[in-house]
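Novice: Have a peek at target37.pdb (PDB, C-alpha atoms).
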```pdb
ATOM      1  CA  MET A  15     111.186 112.243   4.096
ATOM      2  CA  SER A  16     112.174 115.411   5.927
ATOM      3  CA  TRP A  17     114.376 118.101   4.459
ATOM      4  CA  ASP A  18     115.804 121.553   4.976
ATOM      5  CA  ARG A  19     113.205 124.140   3.924
ATOM      6  CA  GLN A  20     115.791 126.821   3.127
ATOM      7  CA  ILE A  21     114.806 128.788   0.045
ATOM      8  CA  THR A  22     117.573 129.761  -2.384
ATOM      9  CA  ILE A  23     117.423 132.137  -5.352
ATOM     10  CA  LYS A  24     119.734 131.083  -8.181
ATOM     11  CA  THR A  25     121.840 133.388 -10.305
ATOM     12  CA  PRO A  26     121.647 133.168 -14.124
ATOM     13  CA  GLN A  27     124.961 131.289 -14.049
ATOM     14  CA  GLU A  28     123.608 128.776 -11.540
ATOM     15  CA  LEU A  29     120.503 128.288 -13.661
ATOM     16  CA  GLU A  30     122.746 127.416 -16.602
ATOM     17  CA  ILE A  31     124.410 124.724 -14.500
ATOM     18  CA  MET A  32     121.007 123.400 -13.450
ATOM     19  CA  ARG A  33     119.951 123.311 -17.102
ATOM     20  CA  GLU A  34     122.972 121.127 -17.891
ATOM     21  CA  ALA A  35     122.064 118.875 -14.957
ATOM     22  CA  GLY A  36     118.537 118.747 -16.329
ATOM     23  CA  LYS A  37     119.656 117.685 -19.795
ATOM     24  CA  ILE A  38     121.687 114.819 -18.335
ATOM     25  CA  ASN A  39     118.748 113.828 -16.163
ATOM     26  CA  ALA A  40     116.436 113.896 -19.171
ATOM     27  CA  GLU A  41     118.826 111.651 -21.105
ATOM     28  CA  ALA A  42     118.938 109.210 -18.180
ATOM     29  CA  LEU A  43     115.141 109.117 -18.073
ATOM     30  CA  ALA A  44     114.951 108.603 -21.837
ATOM     31  CA  SER A  45     117.287 105.632 -21.502
ATOM     32  CA  ALA A  46     115.193 104.254 -18.661
ATOM     33  CA  ARG A  47     112.033 104.666 -20.738
ATOM     34  CA  ALA A  48     113.580 102.698 -23.605
ATOM     35  CA  ALA A  49     114.370  99.854 -21.188
ATOM     36  CA  ILE A  50     110.726  99.511 -20.105
ATOM     37  CA  GLN A  51     109.615  96.426 -22.000
ATOM     38  CA  PRO A  52     107.655  93.296 -21.072
ATOM     39  CA  GLY A  53     110.049  90.891 -19.350
ATOM     40  CA  ALA A  54     112.543  93.555 -18.293
ATOM     41  CA  THR A  55     113.144  93.944 -14.576
ATOM     42  CA  THR A  56     112.922  97.191 -12.664
ATOM     43  CA  ALA A  57     116.656  96.754 -11.997
ATOM     44  CA  ASP A  58     117.204  96.809 -15.781
ATOM     45  CA  VAL A  59     115.421 100.159 -15.925
ATOM     46  CA  ASN A  60     117.569 101.551 -13.120
ATOM     47  CA  ALA A  61     120.730 100.239 -14.800
ATOM     48  CA  ALA A  62     119.836 102.009 -18.045
ATOM     49  CA  ALA A  63     119.568 105.338 -16.243
ATOM     50  CA  GLU A  64     122.726 104.714 -14.226
ATOM     51  CA  ALA A  65     124.696 104.041 -17.411
ATOM     52  CA  VAL A  66     123.914 107.572 -18.611
ATOM     53  CA  LEU A  67     124.902 109.106 -15.268
ATOM     54  CA  LYS A  68     128.169 107.165 -15.378
ATOM     55  CA  LYS A  69     128.855 108.361 -18.931
ATOM     56  CA  TYR A  70     128.781 111.969 -17.723
ATOM     57  CA  GLY A  71     130.604 111.288 -14.463
ATOM     58  CA  VAL A  72     127.667 112.428 -12.336
ATOM     59  CA  TYR A  73     125.551 110.735  -9.692
ATOM     60  CA  SER A  74     121.998 110.588  -8.408
ATOM     61  CA  PRO A  75     121.140 112.215  -5.060
ATOM     62  CA  PHE A  76     118.647 109.391  -4.539
ATOM     63  CA  LYS A  77     121.365 106.808  -3.891
ATOM     64  CA  ASN A  78     122.031 106.451  -0.152
ATOM     65  CA  TYR A  79     119.378 109.064   0.646
ATOM     66  CA  PRO A  80     118.616 108.705   4.366
ATOM     67  CA  GLY A  81     115.428 106.983   5.431
ATOM     68  CA  PRO A  82     114.497 103.742   7.175
ATOM     69  CA  TYR A  83     117.780 102.602   5.578
ATOM     70  CA  PRO A  84     119.887 104.291   2.867
ATOM     71  CA  TYR A  85     118.021 104.238  -0.444
ATOM     72  CA  PRO A  86     119.843 101.625  -2.565
ATOM     73  CA  ALA A  87     119.419 102.862  -6.163
ATOM     74  CA  SER A  88     119.794 105.872  -8.451
ATOM     75  CA  THR A  89     116.144 105.833  -9.504
ATOM     76  CA  CYS A  90     112.750 104.953  -8.117
ATOM     77  CA  VAL A  91     110.807 102.521 -10.316
ATOM     78  CA  SER A  92     107.178 102.092  -9.275
ATOM     79  CA  ILE A  93     104.473  99.979 -10.940
ATOM     80  CA  ASN A  94     100.674 100.335 -11.096
ATOM     81  CA  ASP A  95      99.424 101.095  -7.561
ATOM     82  CA  GLU A  96     102.908 102.167  -6.419
ATOM     83  CA  LEU A  97     102.999 105.947  -6.316
ATOM     84  CA  VAL A  98     106.653 106.682  -5.565
ATOM     85  CA  HIS A  99     109.921 105.369  -4.063
ATOM     86  CA  GLY A 100     109.693 101.895  -5.608
ATOM     87  CA  ILE A 101     113.047 100.143  -5.136
ATOM     88  CA  PRO A 102     114.449  98.581  -8.344
ATOM     89  CA  SER A 103     114.647  94.801  -8.139
ATOM     90  CA  LYS A 104     116.326  92.060 -10.183
ATOM     91  CA  THR A 105     113.269  89.868  -9.657
ATOM     92  CA  ARG A 106     110.449  92.363 -10.350
ATOM     93  CA  LYS A 107     109.461  91.925 -13.994
ATOM     94  CA  ILE A 108     107.461  94.394 -16.053
ATOM     95  CA  LYS A 109     104.360  93.042 -17.801
ATOM     96  CA  GLU A 110     102.191  94.053 -20.728
ATOM     97  CA  GLY A 111      99.468  96.394 -19.466
ATOM     98  CA  ASP A 112     101.506  97.782 -16.541
ATOM     99  CA  ILE A 113     102.041 101.464 -16.007
ATOM    100  CA  VAL A 114     105.568 102.232 -14.807
ATOM    101  CA  THR A 115     106.856 105.364 -13.090
ATOM    102  CA  VAL A 116     110.545 106.285 -13.117
ATOM    103  CA  ASP A 117     111.890 109.103 -10.942
ATOM    104  CA  CYS A 118     115.530 110.169 -11.305
ATOM    105  CA  GLY A 119     117.786 112.889  -9.953
ATOM    106  CA  THR A 120     121.174 114.133 -11.175
ATOM    107  CA  VAL A 121     123.892 116.124  -9.413
ATOM    108  CA  TYR A 122     126.094 118.130 -11.793
ATOM    109  CA  ARG A 123     128.655 120.654 -10.544
ATOM    110  CA  GLY A 124     126.935 120.713  -7.180
ATOM    111  CA  PHE A 125     123.381 121.350  -8.429
ATOM    112  CA  VAL A 126     120.452 118.942  -8.615
ATOM    113  CA  ALA A 127     117.904 118.254 -11.348
ATOM    114  CA  ASP A 128     114.908 116.037 -10.568
ATOM    115  CA  ALA A 129     112.212 114.671 -12.909
ATOM    116  CA  ALA A 130     109.836 111.732 -13.363
ATOM    117  CA  PHE A 131     107.395 110.205 -15.836
ATOM    118  CA  THR A 132     104.822 107.418 -15.987
ATOM    119  CA  VAL A 133     104.424 105.326 -19.125
ATOM    120  CA  GLY A 134     102.162 102.487 -20.214
ATOM    121  CA  VAL A 135     103.559  99.138 -21.360
ATOM    122  CA  GLY A 136     101.852  98.001 -24.544
ATOM    123  CA  GLN A 137      98.067  98.006 -24.390
ATOM    124  CA  ILE A 138      96.829  99.620 -21.174
ATOM    125  CA  SER A 139      93.328 100.128 -19.808
ATOM    126  CA  GLU A 140      91.284 103.198 -20.644
ATOM    127  CA  VAL A 141      91.431 104.269 -16.992
ATOM    128  CA  ALA A 142      95.225 104.009 -17.047
ATOM    129  CA  ARG A 143      95.414 105.990 -20.285
ATOM    130  CA  LYS A 144      93.257 108.774 -18.867
ATOM    131  CA  LEU A 145      95.241 108.765 -15.613
ATOM    132  CA  LEU A 146      98.517 109.339 -17.468
ATOM    133  CA  GLU A 147      96.985 112.085 -19.596
ATOM    134  CA  VAL A 148      95.509 113.896 -16.596
ATOM    135  CA  THR A 149      98.639 113.629 -14.456
ATOM    136  CA  GLU A 150     100.884 115.048 -17.169
ATOM    137  CA  GLY A 151      98.310 117.736 -17.904
ATOM    138  CA  ALA A 152      98.247 118.676 -14.221
ATOM    139  CA  LEU A 153     102.019 119.157 -14.276
ATOM    140  CA  TYR A 154     101.719 121.704 -17.089
ATOM    141  CA  ALA A 155      98.718 123.361 -15.434
ATOM    142  CA  GLY A 156     100.972 123.938 -12.432
ATOM    143  CA  ILE A 157     103.886 125.112 -14.576
ATOM    144  CA  ARG A 158     101.660 127.773 -16.177
ATOM    145  CA  GLN A 159     101.326 129.387 -12.749
ATOM    146  CA  MET A 160     105.083 129.586 -12.137
ATOM    147  CA  LYS A 161     105.614 133.241 -12.972
ATOM    148  CA  PRO A 162     106.769 136.186 -10.865
ATOM    149  CA  GLY A 163     104.034 137.706  -8.737
ATOM    150  CA  ASN A 164     102.091 134.471  -8.325
ATOM    151  CA  ARG A 165     102.241 132.444  -5.145
ATOM    152  CA  VAL A 166     102.825 128.799  -4.323
ATOM    153  CA  GLY A 167      99.093 128.409  -3.651
ATOM    154  CA  ASP A 168      98.346 129.340  -7.260
ATOM    155  CA  ILE A 169     100.455 126.393  -8.436
ATOM    156  CA  SER A 170      98.931 123.979  -5.943
ATOM    157  CA  ALA A 171      95.349 125.047  -6.652
ATOM    158  CA  ALA A 172      95.842 124.722 -10.420
ATOM    159  CA  ILE A 173      97.072 121.148 -10.031
ATOM    160  CA  GLN A 174      94.245 120.209  -7.671
ATOM    161  CA  GLN A 175      91.535 121.732  -9.851
ATOM    162  CA  TYR A 176      92.873 120.087 -12.999
ATOM    163  CA  VAL A 177      92.982 116.639 -11.402
ATOM    164  CA  GLU A 178      89.806 116.684  -9.331
ATOM    165  CA  SER A 179      87.698 118.174 -12.143
ATOM    166  CA  ARG A 180      88.601 115.052 -14.120
ATOM    167  CA  GLY A 181      87.562 112.620 -11.393
ATOM    168  CA  PHE A 182      90.940 111.705  -9.878
ATOM    169  CA  HIS A 183      92.676 112.448  -6.576
ATOM    170  CA  VAL A 184      95.910 114.233  -5.627
ATOM    171  CA  THR A 185      98.129 112.939  -2.865
ATOM    172  CA  ARG A 186      97.953 114.896   0.393
ATOM    173  CA  GLU A 187     101.101 113.352   1.853
ATOM    174  CA  TYR A 188     103.836 113.970  -0.757
ATOM    175  CA  THR A 189     104.712 117.286  -2.358
ATOM    176  CA  GLY A 190     106.814 119.163  -4.839
ATOM    177  CA  HIS A 191     109.744 121.082  -3.421
ATOM    178  CA  GLY A 192     112.454 123.590  -4.033
ATOM    179  CA  VAL A 193     115.634 122.165  -5.515
ATOM    180  CA  GLY A 194     119.167 123.462  -6.021
ATOM    181  CA  ARG A 195     122.330 122.558  -4.164
ATOM    182  CA  ARG A 196     120.125 120.211  -2.142
ATOM    183  CA  MET A 197     117.584 117.815  -3.580
ATOM    184  CA  HIS A 198     114.997 119.060  -1.093
ATOM    185  CA  GLU A 199     114.902 122.784  -0.421
ATOM    186  CA  GLY A 200     112.064 125.179   0.261
ATOM    187  CA  PRO A 201     109.395 125.931  -0.624
ATOM    188  CA  GLN A 202     107.186 122.910  -0.158
ATOM    189  CA  VAL A 203     104.633 122.802  -2.994
ATOM    190  CA  PRO A 204     101.618 120.597  -2.222
ATOM    191  CA  ASN A 205      99.425 119.264  -5.001
ATOM    192  CA  TYR A 206      96.414 120.982  -3.429
ATOM    193  CA  GLY A 207      95.944 124.486  -2.110
ATOM    194  CA  VAL A 208      94.284 127.883  -2.178
ATOM    195  CA  PRO A 209      95.061 130.519  -4.820
ATOM    196  CA  GLY A 210      96.831 133.636  -3.618
ATOM    197  CA  ARG A 211      98.395 132.023  -0.575
ATOM    198  CA  GLY A 212     101.914 130.924   0.229
ATOM    199  CA  LEU A 213     105.346 132.101  -0.849
ATOM    200  CA  LEU A 214     105.597 134.834  -3.485
ATOM    201  CA  LEU A 215     107.357 133.523  -6.598
ATOM    202  CA  ARG A 216     110.508 135.406  -7.610
ATOM    203  CA  PRO A 217     112.902 135.017 -10.548
ATOM    204  CA  GLY A 218     115.651 132.529  -9.724
ATOM    205  CA  LEU A 219     113.426 130.249  -7.654
ATOM    206  CA  THR A 220     113.666 126.620  -8.821
ATOM    207  CA  ILE A 221     111.050 124.005  -7.980
ATOM    208  CA  ALA A 222     110.711 120.290  -8.670
ATOM    209  CA  LEU A 223     106.986 120.234  -9.396
ATOM    210  CA  GLU A 224     105.504 116.756  -9.190
ATOM    211  CA  PRO A 225     101.800 115.975  -9.352
ATOM    212  CA  MET A 226     101.094 112.515  -7.949
ATOM    213  CA  VAL A 227      97.627 111.324  -8.882
ATOM    214  CA  LEU A 228      95.554 108.359  -7.724
ATOM    215  CA  VAL A 229      92.434 106.791  -9.212
ATOM    216  CA  GLY A 230      90.503 105.683  -6.126
ATOM    217  CA  THR A 231      91.617 107.701  -3.105
ATOM    218  CA  TRP A 232      94.201 110.256  -2.017
ATOM    219  CA  GLN A 233      95.277 107.955   0.813
ATOM    220  CA  THR A 234      98.505 105.931   0.661
ATOM    221  CA  ARG A 235     100.378 103.224   2.553
ATOM    222  CA  ILE A 236     104.027 102.258   2.970
ATOM    223  CA  LEU A 237     104.925  98.746   1.777
ATOM    224  CA  ALA A 238     107.025  96.199   3.671
ATOM    225  CA  ASP A 239     110.298  97.403   2.122
ATOM    226  CA  GLU A 240     109.752 100.625   4.145
ATOM    227  CA  TRP A 241     110.297 102.849   1.102
ATOM    228  CA  THR A 242     107.649 102.114  -1.537
ATOM    229  CA  VAL A 243     104.496 104.243  -1.284
ATOM    230  CA  ALA A 244     101.330 102.712  -2.759
ATOM    231  CA  SER A 245      97.678 103.713  -2.954
ATOM    232  CA  ALA A 246      95.767 102.611   0.134
ATOM    233  CA  ASP A 247      93.061 100.915  -1.939
ATOM    234  CA  GLY A 248      95.312  99.284  -4.562
ATOM    235  CA  SER A 249      94.114 101.577  -7.352
ATOM    236  CA  LEU A 250      96.367 102.876 -10.106
ATOM    237  CA  THR A 251      98.668 105.866  -9.587
ATOM    238  CA  ALA A 252     100.820 108.132 -11.775
ATOM    239  CA  HIS A 253     103.573 110.694 -11.244
ATOM    240  CA  PHE A 254     105.048 113.321 -13.572
ATOM    241  CA  GLU A 255     107.743 115.796 -12.557
ATOM    242  CA  HIS A 256     109.979 118.517 -13.975
ATOM    243  CA  THR A 257     112.443 120.917 -12.427
ATOM    244  CA  ILE A 258     111.345 124.437 -13.381
ATOM    245  CA  ALA A 259     112.895 127.876 -12.946
ATOM    246  CA  VAL A 260     110.835 131.003 -12.351
ATOM    247  CA  THR A 261     112.162 133.753 -14.652
ATOM    248  CA  GLU A 262     111.100 137.257 -15.661
ATOM    249  CA  ASP A 263     109.932 135.765 -18.958
ATOM    250  CA  GLY A 264     107.892 132.990 -17.347
ATOM    251  CA  PRO A 265     108.611 129.391 -16.347
ATOM    252  CA  VAL A 266     111.555 127.563 -17.896
ATOM    253  CA  ILE A 267     111.668 123.768 -17.743
ATOM    254  CA  LEU A 268     115.203 122.675 -16.898
ATOM    255  CA  THR A 269     114.728 118.899 -17.313
ATOM    256  CA  LEU A 270     114.043 118.625 -21.045
ATOM    257  CA  LEU A 271     116.339 117.066 -23.621
ATOM    258  CA  GLY A 272     115.520 119.525 -26.389
ATOM    259  CA  GLU A 273     115.662 123.275 -26.692
ATOM    260  CA  ASP A 274     111.971 124.012 -26.084
ATOM    261  CA  GLU A 275     112.306 125.064 -22.458
ATOM    262  CA  SER A 276     109.306 127.369 -22.266
ATOM    263  CA  GLY A 277     106.787 125.995 -19.812
ATOM    264  CA  GLN A 278     104.223 128.492 -21.022
ATOM    265  CA  LYS A 279     104.603 127.394 -24.639
ATOM    266  CA  ARG A 280     104.383 123.688 -23.844
ATOM    267  CA  ALA A 281     101.588 124.124 -21.312
ATOM    268  CA  SER A 282      99.458 126.123 -23.743
ATOM    269  CA  GLY A 283      98.895 122.962 -25.766
ATOM    270  CA  ILE A 284      97.520 120.910 -22.871
TER     271      ILE A 284
END
```
How does the structure come out when it is put into structure tokens?
Specialist:
Amino acid sequence: MSWDRQITIKTPQELEIMREAGKINAEALASARAAIQPGATTADVNAAAEAVLKKYGVYSPFKNYPGPYPYPASTCVSINDELVHGIPSKTRKIKEGDIVTVDCGTVYRGFVADAAFTVGVGQISEVARKLLEVTEGALYAGIRQMKPGNRVGDISAAIQQYVESRGFHVTREYTGHGVGRRMHEGPQVPNYGVPGRGLLLRPGLTIALEPMVLVGTWQTRILADEWTVASADGSLTAHFEHTIAVTEDGPVILTLLGEDESGQKRASGI
């Protein structure tokens, strides 16, 4: 995907709107998570999230997003070796032992929230369990760096070091990104980088931070549907994402259901 790299600094009032968008998005993802059961289809998972969006009268920026053809759903539902952009299907059934990633966006009062998770279905392999743990941990390692005075490279390097020190690989082809009135704004935030380099972080900057981690290789391929991205070697993948605001008091996670929005507090336990 290509997008406008314009960087926007949000006012406190705009951050409040984004927090409301984030709560709705979190509720949609919680509903999607509850729908992930053996025998359910990926379309069932998408429908569960869409029902929440409909309840609030909002929509997902994913639907009709331009690409090889307009993206046809409100969520991306990807399984096992599929890293991102999996198209929900009425015929694709979830099985015991799968790991399933759901990515969802919400537009509320003109502002976007974007988040994702990966979850295991029933009993999963030890490799899959470790992959999920490391990918979520990498997200919070990156969040810890999202404070004024740091740079984008500090975030990227923290994610890369966390993942690679645990024997996994970060994607080189897909990145985190600024988010606000557009789903994709600047800055681009790769999952690898050099500390001290890149854009200086300022209060009011909002980023959808999304480590995407692969077991066997960082390389990926596009499947025949022209949207789904999978690992090049067929190995397992995982993806966790939150929308986070840089504030004077440190990072604030905007895409949580509850009131604990402090990225520093949550990250300190990883």
Novice: So which residues get picked by the PyMOL selection byres ((chain A and resi 67) around 12) here, written as a PyMOL selection string?
Specialist: chain A and resi 35-46+60-66+68-75+88-89+118-122
Novice: Atom CA of Gln233 of chain A and atom CA of Gly210 of chain A are how many Å apart?
Specialist: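 For atom CA of Gln233 of chain A relative to atom CA of Gly210 of chain A, the distance reads 26.1 Å.
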Novice: For segment 150-164 of chain A, find every residue with an atom within 9 Å (counting only C-alpha atoms), except residues of its own chain fewer than 2 positions away, and show them as a PyMOL selection string.
Specialist: chain A and resi 131-132+145-148+166-177+205+209-211+213-217+223-225+252-256+258-267+277-282+284
Novice: Which residues, protein or nucleic acid, reach to within 12 Å of (112.2, 100.9, -9.0) in the file's coordinates when using all atoms listed in the file, and can you give that as a ChimeraX atom specification?
Specialist: /A:46,50,54-63,76,85-94,96-108,114-118,130,239,241-243
Novice: Would you mind listing what lies within 12 Å of Val229 of chain A as a PyMOL selection string, with only C-alpha atoms counted and same-chain residues fewer than 3 positions away left out?
Specialist: chain A and resi 94-97+141-146+148-149+177-178+180-185+226+232-234+244-253
